[in-house]
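Undergrad: Structure file input-v1.pdb (PDB, C-alpha atoms, pLDDT in the B column) right here:
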```
ATOM      1  CA  THR A 122      22.443  13.774  53.913  1.00 70.00           C
ATOM      2  CA  ALA A 123      24.339  16.533  55.662  1.00 74.00           C
ATOM      3  CA  ASP A 124      26.398  16.970  52.495  1.00 75.00           C
ATOM      4  CA  ARG A 125      23.270  17.685  50.408  1.00 80.00           C
ATOM      5  CA  ILE A 126      22.008  20.157  52.984  1.00 80.00           C
ATOM      6  CA  ALA A 127      25.385  21.917  52.994  1.00 78.00           C
ATOM      7  CA  ALA A 128      25.340  22.079  49.182  1.00 77.00           C
ATOM      8  CA  ALA A 129      21.805  23.517  49.249  1.00 79.00           C
ATOM      9  CA  LEU A 130      23.057  26.180  51.658  1.00 81.00           C
ATOM     10  CA  GLY A 131      25.848  27.101  49.270  1.00 83.00           C
ATOM     11  CA  VAL A 132      28.778  25.341  50.935  1.00 83.00           C
ATOM     12  CA  SER A 133      31.433  24.774  48.294  1.00 88.00           C
ATOM     13  CA  PRO A 134      32.388  21.153  47.535  1.00 86.00           C
ATOM     14  CA  THR A 135      35.993  22.187  48.224  1.00 89.00           C
ATOM     15  CA  ALA A 136      35.272  24.018  51.497  1.00 91.00           C
ATOM     16  CA  PRO A 137      37.806  22.974  54.144  1.00 94.00           C
ATOM     17  CA  GLN A 138      35.021  22.522  56.720  1.00 94.00           C
ATOM     18  CA  ARG A 139      33.217  20.081  54.414  1.00 93.00           C
ATOM     19  CA  ILE A 140      36.344  18.023  53.800  1.00 95.00           C
ATOM     20  CA  GLU A 141      37.290  18.030  57.491  1.00 96.00           C
ATOM     21  CA  ALA A 142      33.761  16.964  58.484  1.00 95.00           C
ATOM     22  CA  GLY A 143      33.819  14.204  55.861  1.00 95.00           C
ATOM     23  CA  THR A 144      37.187  12.997  57.132  1.00 97.00           C
ATOM     24  CA  LEU A 145      35.903  12.867  60.720  1.00 97.00           C
ATOM     25  CA  TYR A 146      32.810  11.038  59.464  1.00 96.00           C
ATOM     26  CA  LEU A 147      34.975   8.384  57.794  1.00 97.00           C
ATOM     27  CA  LEU A 148      37.023   7.876  60.967  1.00 98.00           C
ATOM     28  CA  GLY A 149      33.781   7.547  62.935  1.00 98.00           C
ATOM     29  CA  GLN A 150      32.497   4.956  60.475  1.00 98.00           C
ATOM     30  CA  ALA A 151      35.769   3.036  60.787  1.00 98.00           C
ATOM     31  CA  ALA A 152      35.387   3.125  64.588  1.00 98.00           C
ATOM     32  CA  ASP A 153      31.856   1.746  64.243  1.00 97.00           C
ATOM     33  CA  ARG A 154      33.407  -1.180  62.343  1.00 98.00           C
ATOM     34  CA  GLY A 155      35.871  -1.759  65.199  1.00 96.00           C
ATOM     35  CA  HIS A 156      38.914   0.107  63.845  1.00 97.00           C
ATOM     36  CA  THR A 157      40.692   2.556  66.117  1.00 96.00           C
ATOM     37  CA  TYR A 158      42.532   4.180  63.211  1.00 97.00           C
ATOM     38  CA  LEU A 159      42.829   4.303  59.455  1.00 98.00           C
ATOM     39  CA  PRO A 160      46.143   4.450  57.631  1.00 98.00           C
ATOM     40  CA  ARG A 161      46.507   7.966  56.225  1.00 98.00           C
ATOM     41  CA  LYS A 162      46.644   6.763  52.603  1.00 97.00           C
ATOM     42  CA  LYS A 163      43.499   4.644  53.023  1.00 97.00           C
ATOM     43  CA  LEU A 164      41.702   7.541  54.700  1.00 98.00           C
ATOM     44  CA  ALA A 165      42.695   9.807  51.793  1.00 97.00           C
ATOM     45  CA  GLU A 166      41.364   7.260  49.262  1.00 97.00           C
ATOM     46  CA  GLU A 167      38.067   6.884  51.122  1.00 97.00           C
ATOM     47  CA  ALA A 168      37.736  10.659  51.484  1.00 96.00           C
ATOM     48  CA  ARG A 169      38.384  11.146  47.771  1.00 95.00           C
ATOM     49  CA  GLU A 170      35.670   8.588  46.942  1.00 95.00           C
ATOM     50  CA  LEU A 171      33.152  10.019  49.415  1.00 94.00           C
ATOM     51  CA  LEU A 172      33.792  13.717  48.903  1.00 93.00           C
ATOM     52  CA  GLY A 173      35.174  13.890  45.382  1.00 92.00           C
ATOM     53  CA  ALA A 174      37.852  16.248  46.667  1.00 92.00           C
ATOM     54  CA  PRO A 175      41.366  16.445  45.252  1.00 93.00           C
ATOM     55  CA  PRO A 176      44.145  14.765  47.266  1.00 93.00           C
ATOM     56  CA  ASP A 177      45.850  18.042  48.233  1.00 95.00           C
ATOM     57  CA  LEU A 178      42.667  19.348  49.893  1.00 96.00           C
ATOM     58  CA  ILE A 179      42.225  16.077  51.762  1.00 96.00           C
ATOM     59  CA  GLU A 180      45.834  16.244  52.989  1.00 96.00           C
ATOM     60  CA  ARG A 181      45.268  19.832  54.138  1.00 98.00           C
ATOM     61  CA  ALA A 182      42.122  18.738  55.981  1.00 98.00           C
ATOM     62  CA  VAL A 183      43.972  15.930  57.792  1.00 98.00           C
ATOM     63  CA  ALA A 184      46.778  18.352  58.700  1.00 98.00           C
ATOM     64  CA  ALA A 185      44.252  20.926  59.989  1.00 98.00           C
ATOM     65  CA  LEU A 186      42.467  18.280  62.067  1.00 98.00           C
ATOM     66  CA  ALA A 187      45.814  17.201  63.531  1.00 98.00           C
ATOM     67  CA  GLU A 188      46.745  20.826  64.241  1.00 98.00           C
ATOM     68  CA  THR A 189      43.510  21.328  66.199  1.00 98.00           C
ATOM     69  CA  GLU A 190      44.027  17.930  67.880  1.00 98.00           C
ATOM     70  CA  GLN A 191      40.751  16.496  66.617  1.00 98.00           C
ATOM     71  CA  VAL A 192      42.817  13.653  65.190  1.00 98.00           C
ATOM     72  CA  ILE A 193      46.163  12.231  66.258  1.00 98.00           C
ATOM     73  CA  LEU A 194      48.819  11.104  63.774  1.00 98.00           C
ATOM     74  CA  GLU A 195      51.057   8.229  64.807  1.00 97.00           C
ATOM     75  CA  PRO A 196      53.798   6.393  62.920  1.00 96.00           C
ATOM     76  CA  LEU A 197      53.178   2.887  61.631  1.00 96.00           C
ATOM     77  CA  VAL A 198      55.697   0.139  60.864  1.00 95.00           C
ATOM     78  CA  ASP A 199      55.930   1.426  57.283  1.00 94.00           C
ATOM     79  CA  PRO A 200      57.875   4.695  57.633  1.00 91.00           C
ATOM     80  CA  GLN A 201      55.938   6.078  54.657  1.00 93.00           C
ATOM     81  CA  GLU A 202      52.602   5.671  56.466  1.00 96.00           C
ATOM     82  CA  GLN A 203      50.805   7.129  59.474  1.00 98.00           C
ATOM     83  CA  ALA A 204      47.826   6.081  61.551  1.00 98.00           C
ATOM     84  CA  VAL A 205      45.060   8.686  61.814  1.00 98.00           C
ATOM     85  CA  LEU A 206      43.048   8.313  65.021  1.00 98.00           C
ATOM     86  CA  LEU A 207      40.145  10.236  66.451  1.00 98.00           C
ATOM     87  CA  LYS A 208      41.397  12.046  69.571  1.00 98.00           C
ATOM     88  CA  SER A 209      38.844  10.243  71.772  1.00 97.00           C
ATOM     89  CA  LEU A 210      40.002   6.804  70.612  1.00 97.00           C
ATOM     90  CA  HIS A 211      43.659   7.759  71.023  1.00 97.00           C
ATOM     91  CA  THR A 212      42.961   8.886  74.586  1.00 97.00           C
ATOM     92  CA  ALA A 213      41.080   5.671  75.373  1.00 96.00           C
ATOM     93  CA  GLU A 214      43.757   3.446  73.827  1.00 95.00           C
ATOM     94  CA  SER A 215      46.554   5.303  75.602  1.00 96.00           C
ATOM     95  CA  GLY A 216      44.751   4.892  78.924  1.00 97.00           C
ATOM     96  CA  VAL A 217      44.321   1.166  78.415  1.00 97.00           C
ATOM     97  CA  ALA A 218      47.973   0.791  77.402  1.00 96.00           C
ATOM     98  CA  ALA A 219      49.129   2.715  80.484  1.00 97.00           C
ATOM     99  CA  ARG A 220      46.984   0.547  82.753  1.00 96.00           C
ATOM    100  CA  LEU A 221      48.309  -2.654  81.147  1.00 96.00           C
ATOM    101  CA  ARG A 222      51.898  -1.417  81.610  1.00 96.00           C
ATOM    102  CA  ALA A 223      51.147  -0.718  85.271  1.00 95.00           C
ATOM    103  CA  LEU A 224      49.700  -4.208  85.722  1.00 93.00           C
ATOM    104  CA  LEU A 225      52.728  -5.805  84.067  1.00 93.00           C
ATOM    105  CA  ILE A 226      55.245  -4.160  86.402  1.00 95.00           C
ATOM    106  CA  GLN A 227      53.209  -4.714  89.564  1.00 93.00           C
ATOM    107  CA  PRO A 228      54.310  -7.787  91.515  1.00 91.00           C
ATOM    108  CA  PRO A 229      51.634 -10.476  91.634  1.00 86.00           C
ATOM    109  CA  LEU A 230      49.468 -10.532  94.716  1.00 86.00           C
ATOM    110  CA  PRO A 231      50.010 -13.610  96.863  1.00 87.00           C
ATOM    111  CA  LEU A 232      47.125 -16.056  96.819  1.00 84.00           C
ATOM    112  CA  GLU A 233      46.084 -17.152 100.247  1.00 89.00           C
ATOM    113  CA  ILE A 234      44.284 -20.387  99.547  1.00 91.00           C
ATOM    114  CA  ASP A 235      43.864 -23.643 101.393  1.00 92.00           C
ATOM    115  CA  LEU A 236      44.709 -25.978  98.520  1.00 90.00           C
ATOM    116  CA  ASP A 237      43.301 -29.125 100.169  1.00 92.00           C
ATOM    117  CA  ARG A 238      40.007 -27.387 100.857  1.00 94.00           C
ATOM    118  CA  ALA A 239      39.884 -25.975  97.319  1.00 94.00           C
ATOM    119  CA  LEU A 240      40.537 -29.411  95.800  1.00 94.00           C
ATOM    120  CA  ASP A 241      37.850 -30.980  98.015  1.00 95.00           C
ATOM    121  CA  TRP A 242      35.383 -28.325  96.857  1.00 96.00           C
ATOM    122  CA  PHE A 243      36.319 -28.888  93.206  1.00 95.00           C
ATOM    123  CA  GLU A 244      35.962 -32.679  93.475  1.00 95.00           C
ATOM    124  CA  LYS A 245      32.573 -32.304  95.125  1.00 96.00           C
ATOM    125  CA  THR A 246      31.335 -29.689  92.622  1.00 96.00           C
ATOM    126  CA  GLU A 247      32.532 -31.582  89.555  1.00 96.00           C
ATOM    127  CA  ARG A 248      31.741 -35.018  91.010  1.00 95.00           C
ATOM    128  CA  ILE A 249      35.184 -36.354  90.232  1.00 96.00           C
ATOM    129  CA  ALA A 250      38.094 -37.695  92.246  1.00 93.00           C
ATOM    130  CA  LEU A 251      41.525 -36.277  91.534  1.00 91.00           C
ATOM    131  CA  ALA A 252      44.685 -38.335  92.033  1.00 87.00           C
ATOM    132  CA  ARG A 253      46.665 -36.937  94.942  1.00 73.00           C
TER     133      ARG A 253
END
```
As structure tokens - that is how I would like this structure written.

TA:
Amino acid sequence: TADRIAAALGVSPTAPQRIEAGTLYLLGQAADRGHTYLPRKKLAEEARELLGAPPDLIERAVAALAETEQVILEPLVDPQEQAVLLKSLHTAESGVAARLRALLIQPPLPLEIDLDRALDWFEKTERIALAR
């Protein structure tokens, strides 16, 4: 693994770069499983298990990643918790949300349809007769 190679090259197990890379790896793995974010506490637990790093170093790594905008921190319903998102997923999700908002406020387009003709087509296609 990349971690073994780094160790062979003399990278300290507590090196900030190692912990930051491991944190980004965990967020990428979560994304592969369909999650756009991990709660900060869960991410810290998973990072501690994967990297064997103390909690304070993991917290510093998350803060450094947020400072460099590689991850985005957002509040969750629980005021004691935050969502940690990869910047790319945050950008994608924000774009989708903005587009949905725009669609919601746009008045519906009028449908210009000949209802009798449409019903005739449907009856013929489905081989049924509708009550009119």

Undergrad: Identify, on the basis of all atoms listed in the file, every residue whose closest approach to Leu210 in chain A does not exceed 10 Å; exclude the query and any residue fewer than 6 positions from it along the same chain; express the result as a list in words.

TA: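 Skipping anything fewer than 6 positions along the chain leaves Gly149, Ala152, His156, Thr157, Tyr158, Val192, Ile193 and Gly216 of chain A.
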
Undergrad: Give me the result of the PyMOL selection byres ((chain A and resi 170-174) around 8) on this file, residue by residue, as a list of chain:residue names.

TA: A:Pro134, A:Thr135, A:Ile140, A:Gly143, A:Glu166, A:Glu167, A:Ala168, A:Arg169, A:Pro175, A:Pro176, A:Leu178, A:Ile179

Undergrad: Write out as a list of chain:residue names the residues lying within 12 Å of Gln201 in chain A, counting all atoms listed in the file and excluding same-chain residues fewer than 6 positions away.

TA: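 Once the nearby chain positions are removed, what remains is A:Pro160, A:Arg161, A:Lys162, A:Glu195.
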
Undergrad: Which residue, A:Leu236, A:Ala151, A:Val217, A:Ala182, has the smallest gap to Arg139 in chain A when you use all atoms listed in the file?

TA: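 Nearest to Arg139 in chain A: A:Ala182.
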
Undergrad: Give me, please, the distance in Å between CA of Arg154 in chain A and CA of Ala185 in chain A, quoted to one decimal.

TA: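 Between CA of Arg154 in chain A and CA of Ala185 in chain A the gap is 24.7 Å.
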
Undergrad: Distance CA of Leu147 in chain A-CA of Arg220 in chain A, one decimal place?

TA: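 Going from CA of Leu147 in chain A over to CA of Arg220 in chain A, I get 28.8 Å.
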
Undergrad: So how many Å separate CA of Trp242 in chain A and CA of Pro228 in chain A, to one decimal?

TA: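 CA of Pro228 in chain A lies 28.4 Å from CA of Trp242 in chain A.
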
Undergrad: Between A:Thr122, A:Asp237, A:Leu230, A:Lys208, which residue has the minimum interatomic distance to Glu188 in chain A, considering all atoms listed in the file?

TA: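 Ranking A:Thr122, A:Asp237, A:Leu230, A:Lys208 by distance to Glu188 in chain A, first place goes to A:Lys208.
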
Undergrad: For Leu194 in chain A, please output as a list of chain:residue names all residues within 7 Å (counting all atoms listed in the file; exclusion window: fewer than 6 positions along the same chain).

TA: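 The contact residues come out as A:Ala187, A:Gln203, A:Ala204, A:Val205, A:Leu206.
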
Undergrad: Smallest atom-to-atom distance to Leu159 in chain A: which of A:Asp177, A:Pro229, A:Ile249, A:Leu207, using all atoms listed in the file?

TA: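 Ranked by minimum distance to Leu159 in chain A, first place goes to A:Leu207.
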
Undergrad: Using only C-alpha atoms, pick whichever of A:Ser215, A:Thr144, A:Gln150, A:Gln227 has the shortest atom-to-atom distance to Gln191 in chain A.

TA: A:Thr144

Undergrad: Give the centre and edge lengths of an axis-aligned box, in Å to one decimal, that holds all listed atoms of range 206-210 of chain A with 4 Å on each side, as AutoDock Vina command-line options.

TA:
```
--center_x 40.9 --center_y 9.4 --center_z 68.4 --size_x 12.2 --size_y 13.2 --size_z 14.8
```

Undergrad: When you count all atoms listed in the file, which of these residues is closest to His211 in chain A: A:Ala127, A:Glu180, A:Arg238, A:Glu190?

TA: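 Among the listed residues, A:Glu190 lies closest to His211 in chain A.
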